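Shown next: model22.pdb, given as PDB, C-alpha atoms and all ligand atoms.
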```pdb
ATOM      1  CA  MET N   1     114.853  85.070  82.661
ATOM      2  CA  GLU N   2     112.689  87.792  81.170
ATOM      3  CA  LEU N   3     113.015  90.278  84.022
ATOM      4  CA  SER N   4     116.764  90.235  84.699
ATOM      5  CA  GLY N   5     117.967  93.594  85.962
ATOM      6  CA  LYS N   6     114.462  94.806  86.801
ATOM      7  CA  ALA N   7     113.291  95.765  90.282
ATOM      8  CA  ALA N   8     109.777  95.160  91.573
ATOM      9  CA  VAL N   9     107.586  96.178  94.480
ATOM     10  CA  VAL N  10     104.793  93.761  95.374
ATOM     11  CA  THR N  11     102.491  95.126  98.061
ATOM     12  CA  GLY N  12     101.104  92.555 100.494
ATOM     13  CA  SER N  13     103.490  89.786  99.473
ATOM     14  CA  SER N  14     103.967  87.904 102.740
ATOM     15  CA  ARG N  15     101.096  85.552 101.928
ATOM     16  CA  GLY N  16      98.682  84.334  99.280
ATOM     17  CA  ILE N  17      98.637  85.793  95.788
ATOM     18  CA  GLY N  18     101.222  88.491  96.569
ATOM     19  CA  ARG N  19     103.682  85.881  97.828
ATOM     20  CA  ALA N  20     103.282  83.868  94.618
ATOM     21  CA  ILE N  21     103.750  87.028  92.533
ATOM     22  CA  ALA N  22     106.942  88.037  94.364
ATOM     23  CA  LEU N  23     108.421  84.555  93.902
ATOM     24  CA  ARG N  24     107.397  84.367  90.247
ATOM     25  CA  LEU N  25     108.988  87.733  89.463
ATOM     26  CA  ALA N  26     112.126  86.626  91.341
ATOM     27  CA  SER N  27     112.213  83.412  89.309
ATOM     28  CA  GLU N  28     112.313  85.611  86.185
ATOM     29  CA  GLY N  29     115.287  87.539  87.548
ATOM     30  CA  ALA N  30     113.663  90.599  89.142
ATOM     31  CA  SER N  31     114.795  91.952  92.499
ATOM     32  CA  VAL N  32     111.800  92.270  94.805
ATOM     33  CA  VAL N  33     110.542  94.344  97.696
ATOM     34  CA  VAL N  34     108.390  92.008  99.787
ATOM     35  CA  ASN N  35     105.902  94.196 101.641
ATOM     36  CA  TYR N  36     103.944  93.016 104.670
ATOM     37  CA  ASN N  37     101.777  94.542 107.348
ATOM     38  CA  ARG N  38     101.860  92.094 110.260
ATOM     39  CA  ASN N  39     103.440  88.777 109.243
ATOM     40  CA  ARG N  40     107.150  89.455 109.539
ATOM     41  CA  ASP N  41     108.154  85.766 109.661
ATOM     42  CA  ALA N  42     106.144  84.894 106.567
ATOM     43  CA  ALA N  43     107.666  87.845 104.692
ATOM     44  CA  GLY N  44     111.144  86.735 105.793
ATOM     45  CA  GLN N  45     110.534  83.303 104.309
ATOM     46  CA  VAL N  46     109.441  84.850 100.992
ATOM     47  CA  VAL N  47     112.640  86.907 100.955
ATOM     48  CA  GLU N  48     114.747  83.782 101.569
ATOM     49  CA  GLN N  49     112.983  81.907  98.790
ATOM     50  CA  ALA N  50     113.344  84.832  96.393
ATOM     51  CA  ARG N  51     117.074  85.072  97.154
ATOM     52  CA  SER N  52     117.462  81.391  96.369
ATOM     53  CA  CYS N  53     116.502  82.372  92.791
ATOM     54  CA  GLY N  54     119.714  84.434  92.715
ATOM     55  CA  VAL N  55     118.095  87.866  93.008
ATOM     56  CA  GLU N  56     118.133  90.547  95.673
ATOM     57  CA  ALA N  57     115.109  90.746  97.970
ATOM     58  CA  VAL N  58     114.157  92.798 101.011
ATOM     59  CA  ALA N  59     111.204  92.648 103.385
ATOM     60  CA  VAL N  60     109.540  95.958 104.235
ATOM     61  CA  GLU N  61     107.028  96.342 107.029
ATOM     62  CA  ALA N  62     104.605  99.055 105.915
ATOM     63  CA  ASP N  63     100.905  99.676 106.235
ATOM     64  CA  ILE N  64     100.184 100.445 102.622
ATOM     65  CA  SER N  65      96.989 102.316 103.493
ATOM     66  CA  SER N  66      99.080 105.214 104.777
ATOM     67  CA  ALA N  67     101.091 107.700 102.732
ATOM     68  CA  ALA N  68     104.144 106.821 104.829
ATOM     69  CA  GLY N  69     103.655 103.132 103.996
ATOM     70  CA  ALA N  70     103.415 103.818 100.266
ATOM     71  CA  GLU N  71     106.559 105.938 100.435
ATOM     72  CA  ALA N  72     108.393 103.255 102.397
ATOM     73  CA  VAL N  73     107.928 100.521  99.796
ATOM     74  CA  VAL N  74     108.932 102.732  96.873
ATOM     75  CA  ARG N  75     111.899 104.111  98.831
ATOM     76  CA  ALA N  76     112.997 100.546  99.678
ATOM     77  CA  ALA N  77     113.278  99.652  95.989
ATOM     78  CA  LEU N  78     115.289 102.772  95.223
ATOM     79  CA  ASP N  79     117.561 102.433  98.259
ATOM     80  CA  SER N  80     118.109  98.675  97.890
ATOM     81  CA  PHE N  81     118.145  98.206  94.120
ATOM     82  CA  GLY N  82     118.617 101.750  92.764
ATOM     83  CA  ARG N  83     115.554 101.467  90.532
ATOM     84  CA  LEU N  84     111.878 100.604  90.319
ATOM     85  CA  ASP N  85     110.493  99.064  87.147
ATOM     86  CA  ILE N  86     107.520  96.950  88.199
ATOM     87  CA  LEU N  87     104.815  97.877  90.702
ATOM     88  CA  VAL N  88     102.211  95.286  91.672
ATOM     89  CA  ASN N  89      99.409  96.705  93.806
ATOM     90  CA  ASN N  90      98.213  93.511  95.425
ATOM     91  CA  ALA N  91      97.594  94.207  99.142
ATOM     92  CA  GLY N  92      93.928  93.922  99.973
ATOM     93  CA  ILE N  93      91.482  93.309 102.786
ATOM     94  CA  THR N  94      87.794  92.531 103.153
ATOM     95  CA  ARG N  95      85.318  93.874 105.728
ATOM     96  CA  ASP N  96      82.138  92.218 104.497
ATOM     97  CA  MET N  97      78.702  93.462 105.591
ATOM     98  CA  LEU N  98      75.348  94.110 103.961
ATOM     99  CA  LEU N  99      75.018  97.766 102.984
ATOM    100  CA  LEU N 100      72.413  98.642 105.628
ATOM    101  CA  ARG N 101      74.875  97.646 108.365
ATOM    102  CA  LEU N 102      78.127  98.588 106.643
ATOM    103  CA  SER N 103      79.907 101.067 108.900
ATOM    104  CA  GLU N 104      81.762 104.101 107.625
ATOM    105  CA  GLU N 105      84.859 102.746 109.332
ATOM    106  CA  ASP N 106      84.720  99.490 107.331
ATOM    107  CA  TRP N 107      83.989 101.400 104.140
ATOM    108  CA  ASP N 108      87.014 103.625 104.684
ATOM    109  CA  ALA N 109      89.333 100.772 105.716
ATOM    110  CA  VAL N 110      88.652  98.803 102.532
ATOM    111  CA  LEU N 111      88.715 101.803 100.184
ATOM    112  CA  THR N 112      91.942 103.091 101.703
ATOM    113  CA  THR N 113      93.794  99.774 101.787
ATOM    114  CA  ASN N 114      92.562  98.423  98.461
ATOM    115  CA  LEU N 115      92.312 101.583  96.321
ATOM    116  CA  LYS N 116      93.895 104.701  97.774
ATOM    117  CA  SER N 117      97.094 102.720  98.374
ATOM    118  CA  ALA N 118      97.402 102.051  94.633
ATOM    119  CA  TYR N 119      96.953 105.745  93.828
ATOM    120  CA  MET N 120      99.708 106.614  96.313
ATOM    121  CA  THR N 121     102.230 103.978  95.191
ATOM    122  CA  SER N 122     101.531 104.563  91.484
ATOM    123  CA  ARG N 123     102.023 108.317  91.812
ATOM    124  CA  LEU N 124     105.406 107.764  93.455
ATOM    125  CA  ALA N 125     106.538 104.885  91.224
ATOM    126  CA  THR N 126     105.730 106.492  87.877
ATOM    127  CA  ARG N 127     108.154 109.339  88.611
ATOM    128  CA  HIS N 128     111.008 106.839  88.556
ATOM    129  CA  MET N 129     109.625 104.773  85.689
ATOM    130  CA  LEU N 130     109.454 107.920  83.542
ATOM    131  CA  ARG N 131     113.226 108.380  83.847
ATOM    132  CA  ASN N 132     113.851 105.000  82.208
ATOM    133  CA  ARG N 133     110.844 105.327  79.888
ATOM    134  CA  TRP N 134     109.931 101.795  80.966
ATOM    135  CA  GLY N 135     107.522 100.648  83.616
ATOM    136  CA  ARG N 136     104.854  98.138  84.454
ATOM    137  CA  ILE N 137     101.981  98.622  86.860
ATOM    138  CA  VAL N 138      99.732  95.655  87.583
ATOM    139  CA  ASN N 139      96.748  96.177  89.855
ATOM    140  CA  ILE N 140      95.114  93.151  91.454
ATOM    141  CA  SER N 141      91.386  93.839  91.188
ATOM    142  CA  SER N 142      88.710  91.135  91.468
ATOM    143  CA  VAL N 143      85.766  89.692  89.598
ATOM    144  CA  VAL N 144      83.754  91.327  92.379
ATOM    145  CA  GLY N 145      84.782  94.698  90.940
ATOM    146  CA  LEU N 146      83.128  93.654  87.673
ATOM    147  CA  MET N 147      80.034  91.901  89.028
ATOM    148  CA  GLY N 148      79.378  93.452  92.444
ATOM    149  CA  ASN N 149      78.619  91.137  95.333
ATOM    150  CA  SER N 150      76.054  91.075  98.080
ATOM    151  CA  GLY N 151      77.763  91.997 101.344
ATOM    152  CA  GLN N 152      80.810  93.469  99.599
ATOM    153  CA  ALA N 153      79.786  97.004  98.554
ATOM    154  CA  ASN N 154      83.029  98.437  99.938
ATOM    155  CA  TYR N 155      85.227  95.747  98.360
ATOM    156  CA  ALA N 156      83.405  95.898  94.997
ATOM    157  CA  ALA N 157      83.676  99.692  94.892
ATOM    158  CA  ALA N 158      87.394  99.556  95.660
ATOM    159  CA  LYS N 159      88.072  96.837  93.079
ATOM    160  CA  ALA N 160      86.010  98.621  90.399
ATOM    161  CA  GLY N 161      87.875 101.804  91.292
ATOM    162  CA  LEU N 162      91.175 100.028  90.703
ATOM    163  CA  ILE N 163      90.078  99.278  87.146
ATOM    164  CA  GLY N 164      89.290 102.960  86.518
ATOM    165  CA  LEU N 165      92.616 103.961  88.049
ATOM    166  CA  THR N 166      94.398 101.425  85.827
ATOM    167  CA  LYS N 167      92.794 102.756  82.637
ATOM    168  CA  SER N 168      93.607 106.352  83.556
ATOM    169  CA  ILE N 169      97.268 105.533  84.256
ATOM    170  CA  ALA N 170      97.358 103.608  80.970
ATOM    171  CA  ARG N 171      96.146 106.676  79.094
ATOM    172  CA  GLU N 172      98.447 109.130  80.886
ATOM    173  CA  PHE N 173     101.634 107.100  80.516
ATOM    174  CA  GLY N 174     100.980 104.896  77.468
ATOM    175  CA  GLY N 175     103.249 107.001  75.249
ATOM    176  CA  LYS N 176     106.131 106.838  77.701
ATOM    177  CA  GLY N 177     106.911 103.130  77.800
ATOM    178  CA  ILE N 178     104.785 102.521  80.872
ATOM    179  CA  THR N 179     101.821 100.166  80.843
ATOM    180  CA  ALA N 180      99.135  99.682  83.471
ATOM    181  CA  ASN N 181      96.876  96.660  83.533
ATOM    182  CA  ALA N 182      94.557  95.021  86.025
ATOM    183  CA  ILE N 183      93.940  91.390  86.821
ATOM    184  CA  ALA N 184      90.538  90.293  88.068
ATOM    185  CA  PRO N 185      91.021  86.992  89.874
ATOM    186  CA  GLY N 186      88.055  84.789  90.617
ATOM    187  CA  TYR N 187      88.186  82.609  93.714
ATOM    188  CA  ILE N 188      91.795  81.757  94.476
ATOM    189  CA  GLU N 189      92.909  79.362  97.233
ATOM    190  CA  THR N 190      94.301  81.744  99.867
ATOM    191  CA  ASP N 191      93.426  82.721 103.426
ATOM    192  CA  ILE N 192      90.610  84.980 102.116
ATOM    193  CA  VAL N 193      88.812  81.968 100.580
ATOM    194  CA  ALA N 194      89.773  79.578 103.404
ATOM    195  CA  GLU N 195      87.847  81.805 105.829
ATOM    196  CA  LEU N 196      84.548  81.409 103.919
ATOM    197  CA  PRO N 197      81.938  79.059 105.453
ATOM    198  CA  GLN N 198      81.973  75.541 103.928
ATOM    199  CA  ASN N 199      78.437  75.811 102.466
ATOM    200  CA  ILE N 200      79.357  79.065 100.684
ATOM    201  CA  LYS N 201      82.536  77.481  99.311
ATOM    202  CA  GLU N 202      80.572  74.551  97.883
ATOM    203  CA  ALA N 203      77.942  76.857  96.368
ATOM    204  CA  LEU N 204      80.649  79.001  94.745
ATOM    205  CA  LEU N 205      82.241  75.975  93.095
ATOM    206  CA  THR N 206      79.050  75.290  91.142
ATOM    207  CA  GLN N 207      79.393  78.721  89.469
ATOM    208  CA  ILE N 208      82.944  78.193  88.204
ATOM    209  CA  PRO N 209      83.078  76.499  84.774
ATOM    210  CA  ALA N 210      86.569  75.162  85.562
ATOM    211  CA  GLY N 211      85.040  73.323  88.545
ATOM    212  CA  ARG N 212      87.801  74.325  90.956
ATOM    213  CA  TYR N 213      89.343  77.271  92.725
ATOM    214  CA  GLY N 214      92.359  78.948  91.215
ATOM    215  CA  ARG N 215      95.898  78.762  92.560
ATOM    216  CA  PRO N 216      97.935  81.862  93.498
ATOM    217  CA  GLU N 217     100.586  80.764  90.980
ATOM    218  CA  GLU N 218      98.027  81.012  88.176
ATOM    219  CA  VAL N 219      97.573  84.709  88.938
ATOM    220  CA  ALA N 220     101.327  85.179  89.353
ATOM    221  CA  ASP N 221     101.989  83.746  85.875
ATOM    222  CA  VAL N 222      99.794  86.436  84.330
ATOM    223  CA  VAL N 223     101.538  89.171  86.323
ATOM    224  CA  ALA N 224     104.933  87.918  85.097
ATOM    225  CA  PHE N 225     103.680  88.049  81.515
ATOM    226  CA  LEU N 226     102.223  91.559  81.888
ATOM    227  CA  ALA N 227     105.508  92.700  83.464
ATOM    228  CA  SER N 228     107.569  91.409  80.529
ATOM    229  CA  ASP N 229     108.502  93.013  77.228
ATOM    230  CA  ARG N 230     106.195  90.545  75.507
ATOM    231  CA  ALA N 231     103.232  92.472  76.927
ATOM    232  CA  ALA N 232     104.443  95.896  75.777
ATOM    233  CA  TYR N 233     101.358  96.393  73.583
ATOM    234  CA  ILE N 234      98.841  95.400  76.267
ATOM    235  CA  ASN N 235      97.736  98.508  78.131
ATOM    236  CA  GLY N 236      94.698  99.507  80.165
ATOM    237  CA  GLN N 237      93.245  96.004  80.103
ATOM    238  CA  THR N 238      91.610  93.887  82.760
ATOM    239  CA  LEU N 239      92.431  90.188  82.475
ATOM    240  CA  ASN N 240      90.104  87.797  84.260
ATOM    241  CA  VAL N 241      91.858  84.836  85.880
ATOM    242  CA  ASP N 242      88.764  83.095  87.146
ATOM    243  CA  GLY N 243      88.227  79.685  85.521
ATOM    244  CA  GLY N 244      85.463  81.217  83.405
ATOM    245  CA  LEU N 245      83.418  82.623  86.288
ATOM    246  CA  VAL N 246      82.869  85.947  84.492
ATOM    247  CA  MET N 247      82.368  86.072  80.739
ATOM    248  CA  SER N 248      81.479  89.336  79.053
TER     249      SER N 248
HETATM  250  P1  LIG X 301      95.611  87.292 101.796
HETATM  251  O1  LIG X 301      94.686  87.714 102.870
HETATM  252  O2  LIG X 301      96.006  85.858 101.674
HETATM  253  O3  LIG X 301      96.955  88.163 101.884
HETATM  254  C1  LIG X 301      96.842  89.560 101.970
HETATM  255  C2  LIG X 301      98.212  90.180 101.876
HETATM  256  O4  LIG X 301      98.050  91.599 101.928
HETATM  257  C3  LIG X 301      99.106  89.793 103.037
HETATM  258  O5  LIG X 301     100.434  89.698 102.587
HETATM  259  C4  LIG X 301      98.952  90.965 103.994
HETATM  260  O6  LIG X 301     100.062  91.181 104.838
HETATM  261  C5  LIG X 301      98.821  92.107 103.015
HETATM  262  N1  LIG X 301      98.176  93.278 103.582
HETATM  263  C6  LIG X 301      96.923  93.396 104.080
HETATM  264  N2  LIG X 301      96.717  94.648 104.515
HETATM  265  C7  LIG X 301      97.870  95.330 104.309
HETATM  266  C8  LIG X 301      98.289  96.651 104.549
HETATM  267  N3  LIG X 301      97.477  97.559 105.124
HETATM  268  N4  LIG X 301      99.547  97.007 104.212
HETATM  269  C9  LIG X 301     100.387  96.112 103.639
HETATM  270  N5  LIG X 301     100.048  94.835 103.373
HETATM  271  C10 LIG X 301      98.797  94.463 103.717
HETATM  272  O7  LIG X 301      94.956  87.825 100.440
HETATM  273  P2  LIG X 301      94.961  87.169  98.962
HETATM  274  O8  LIG X 301      96.308  86.713  98.621
HETATM  275  O9  LIG X 301      93.823  86.248  98.848
HETATM  276  O10 LIG X 301      94.582  88.462  98.094
HETATM  277  C11 LIG X 301      95.565  89.274  97.497
HETATM  278  C12 LIG X 301      94.859  90.286  96.611
HETATM  279  O11 LIG X 301      94.084  89.586  95.642
HETATM  280  C13 LIG X 301      93.885  91.188  97.380
HETATM  281  O12 LIG X 301      93.913  92.477  96.826
HETATM  282  C14 LIG X 301      92.550  90.529  97.125
HETATM  283  O13 LIG X 301      91.492  91.441  97.220
HETATM  284  C15 LIG X 301      92.752  90.040  95.696
HETATM  285  N6  LIG X 301      91.852  88.959  95.309
HETATM  286  C16 LIG X 301      91.866  87.764  95.978
HETATM  287  C17 LIG X 301      91.009  86.755  95.595
HETATM  288  C18 LIG X 301      90.977  85.424  96.257
HETATM  289  O14 LIG X 301      90.100  84.620  95.932
HETATM  290  N7  LIG X 301      91.886  85.102  97.146
HETATM  291  C19 LIG X 301      90.062  86.953  94.488
HETATM  292  C20 LIG X 301      90.149  88.236  93.859
HETATM  293  C21 LIG X 301      91.020  89.195  94.267
HETATM  294  P3  LIG X 301     100.201  90.472 106.303
HETATM  295  O15 LIG X 301     100.531  89.036 106.039
HETATM  296  O16 LIG X 301     101.324  91.191 106.960
HETATM  297  O17 LIG X 301      98.876  90.632 106.969
END
```
Represent the structure from my file as structure tokens, please.
Amino acid sequence: MELSGKAAVVTGSSRGIGRAIALRLASEGASVVVNYNRNRDAAGQVVEQARSCGVEAVAVEADISSAAGAEAVVRAALDSFGRLDILVNNAGITRDMLLLRLSEEDWDAVLTTNLKSAYMTSRLATRHMLRNRWGRIVNISSVVGLMGNSGQANYAAAKAGLIGLTKSIAREFGGKGITANAIAPGYIETDIVAELPQNIKEALLTQIPAGRYGRPEEVADVVAFLASDRAAYINGQTLNVDGGLVMS
């Protein structure tokens, strides 16, 4: 149990990768704030499962794209657990469209939910991490933030922005026991991938050296490592968890 006594916030943890991250951190002994936007029942089930690991867990309904939502998740950790050690900025959406038809509304929705949210939560969380001179921020970016993708200018910009945000936090807080790292998942089996047309899914598989999609738990394992003391000397990095899809 590497994270006993720690408290974590995982944004967007009712489903998919966030759910796996919340449960993995709980299995290592961390108390968790399970944040959701719409799926209350799903979040409740994650809380129950986390508690069965013997840790405290609370579900918090909050739209993380708003300042009030960011405040609510950080406040929940402090009110429920009295501390905040680990922040995982995972919540994300897509609004795919080719640039010529990409509306300002869809640009703003993706940038606000996927990037501005992480700025807001990180700014609030680091205040508390500084007191303990220990903290871990893990931002869930994407290979699309590294490669770009046709039809995903908004998503790629947000995910690339997360990497810049991560490096800046790493530089500002690196001397104070706080690390910030990003993970760039490839194609992971969640609702986001399930919604892709079958022909696109088959075409994507041919590009992945591993020959399969990733599992949410495979991303969660890397988060648990980055959140542990074993990763104290890893800071400002982006780890690809993508079956070899992107190689630099
Ligand atoms: P899912 O669509 O399966 O789940 C998204 C989660 O984010 C849900 O828990 C959802 O809550 C929550 N969420 C969405 N909008 C908000 C909001 N405004 N406020 C709070 N919570 C919100 O996504 P994935 O698990 O697939 O993706 C998780 C992260 O990983 C995202 O950032 C995504 O971009 C990234 N990623 C995913 C990849 C993949 O292949 N799946 C690849 C690379 C990156 P609710 O259930 O209430 O709607």
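Proximity of N:Arg136, N:Lys167, N:Arg212, N:Lys6 to N:Leu226, computed with all atoms listed in the file, is greatest for N:Arg136.
For the choices N:Ile188, N:Ala7, N:Leu111, N:Ala153, the atom-to-atom distance to ligand LIG 301 (chain X) is smallest for N:Ile188 when using only C-alpha atoms and all ligand atoms.
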Enclose the full set of atoms of ligand LIG 301 (chain X) listed in the file within a box whose edges lie along x, y and z, apply 6 Å of padding to each of the six sides, and report centre and edge lengths in Å to one decimal as AutoDock Vina command-line options.
```
--center_x 95.7 --center_y 91.1 --center_z 100.4 --size_x 23.3 --size_y 24.9 --size_z 25.1
```
Worksheet item: Which residues fall under the PyMOL selection byres (((chain N and resi 37-49) around 8) and not hetatm) in this file, as an MDAnalysis selection string?
Response: chainID N and resid 12:15 19 22:23 34:36 50:53 57:59 61:64
Fill in: Counting only C-alpha atoms and all ligand atoms, the residue of N:Val193, N:Met1, N:Val9, N:Ala20 that sits nearest ligand LIG 301 (chain X)
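Nearest candidate to ligand LIG 301 (chain X) out of N:Val193, N:Met1, N:Val9, N:Ala20: N:Val193.
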Fill in: Which of N:Thr190, N:Ser31, N:Asn139, N:Thr11 sits closest to N:Ala158 [using all atoms listed in the file]
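Selected residue with least distance to N:Ala158: N:Asn139.
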Worksheet entry | Å distance separating atom P2 of ligand LIG 301 (chain X) from atom CA of N:Tyr187, one decimal place |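 Between atom P2 of ligand LIG 301 (chain X) and atom CA of N:Tyr187 the gap works out to 9.7 Å.
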Item to complete: Would you mind reading off the distance between atom CA of N:Gly175 and atom CA of N:Leu162, one decimal, in Å?
Response: 20.8 Å
Practice prompt. Report the residues retrieved by the PyMOL selection byres (((chain N and resi 29) around 8) and not hetatm) from the displayed file, expressed as a ChimeraX atom specification.
Written response: /N:1-6,25-28,30-31,53-55
Fill in: Of the listed residues N:Ser168, N:Ser228, N:Ser141, N:Ser150, that which approaches N:Arg123 most closely, counting only C-alpha atoms
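That would be N:Ser168, the residue with the smallest distance to N:Arg123.
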Worksheet item: Quick one: which residues end up in the PyMOL selection byres (((chain N and resi 178) around 8) and not hetatm) for this structure, as a list in words?
Response: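 Matching residues under the PyMOL selection byres (((chain N and resi 178) around 8) and not hetatm) are Met129, Leu130, Arg133, Trp134, Gly135, Arg136, Ile137, Ala170, Phe173, Gly174, Gly175, Lys176, Gly177, Thr179 and Ala180 of chain N.
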Worksheet entry | Pick from N:Arg127, N:Arg95, N:Arg230, N:Arg24 nearest to ligand LIG 301 (chain X), counting only C-alpha atoms and all ligand atoms | N:Arg95
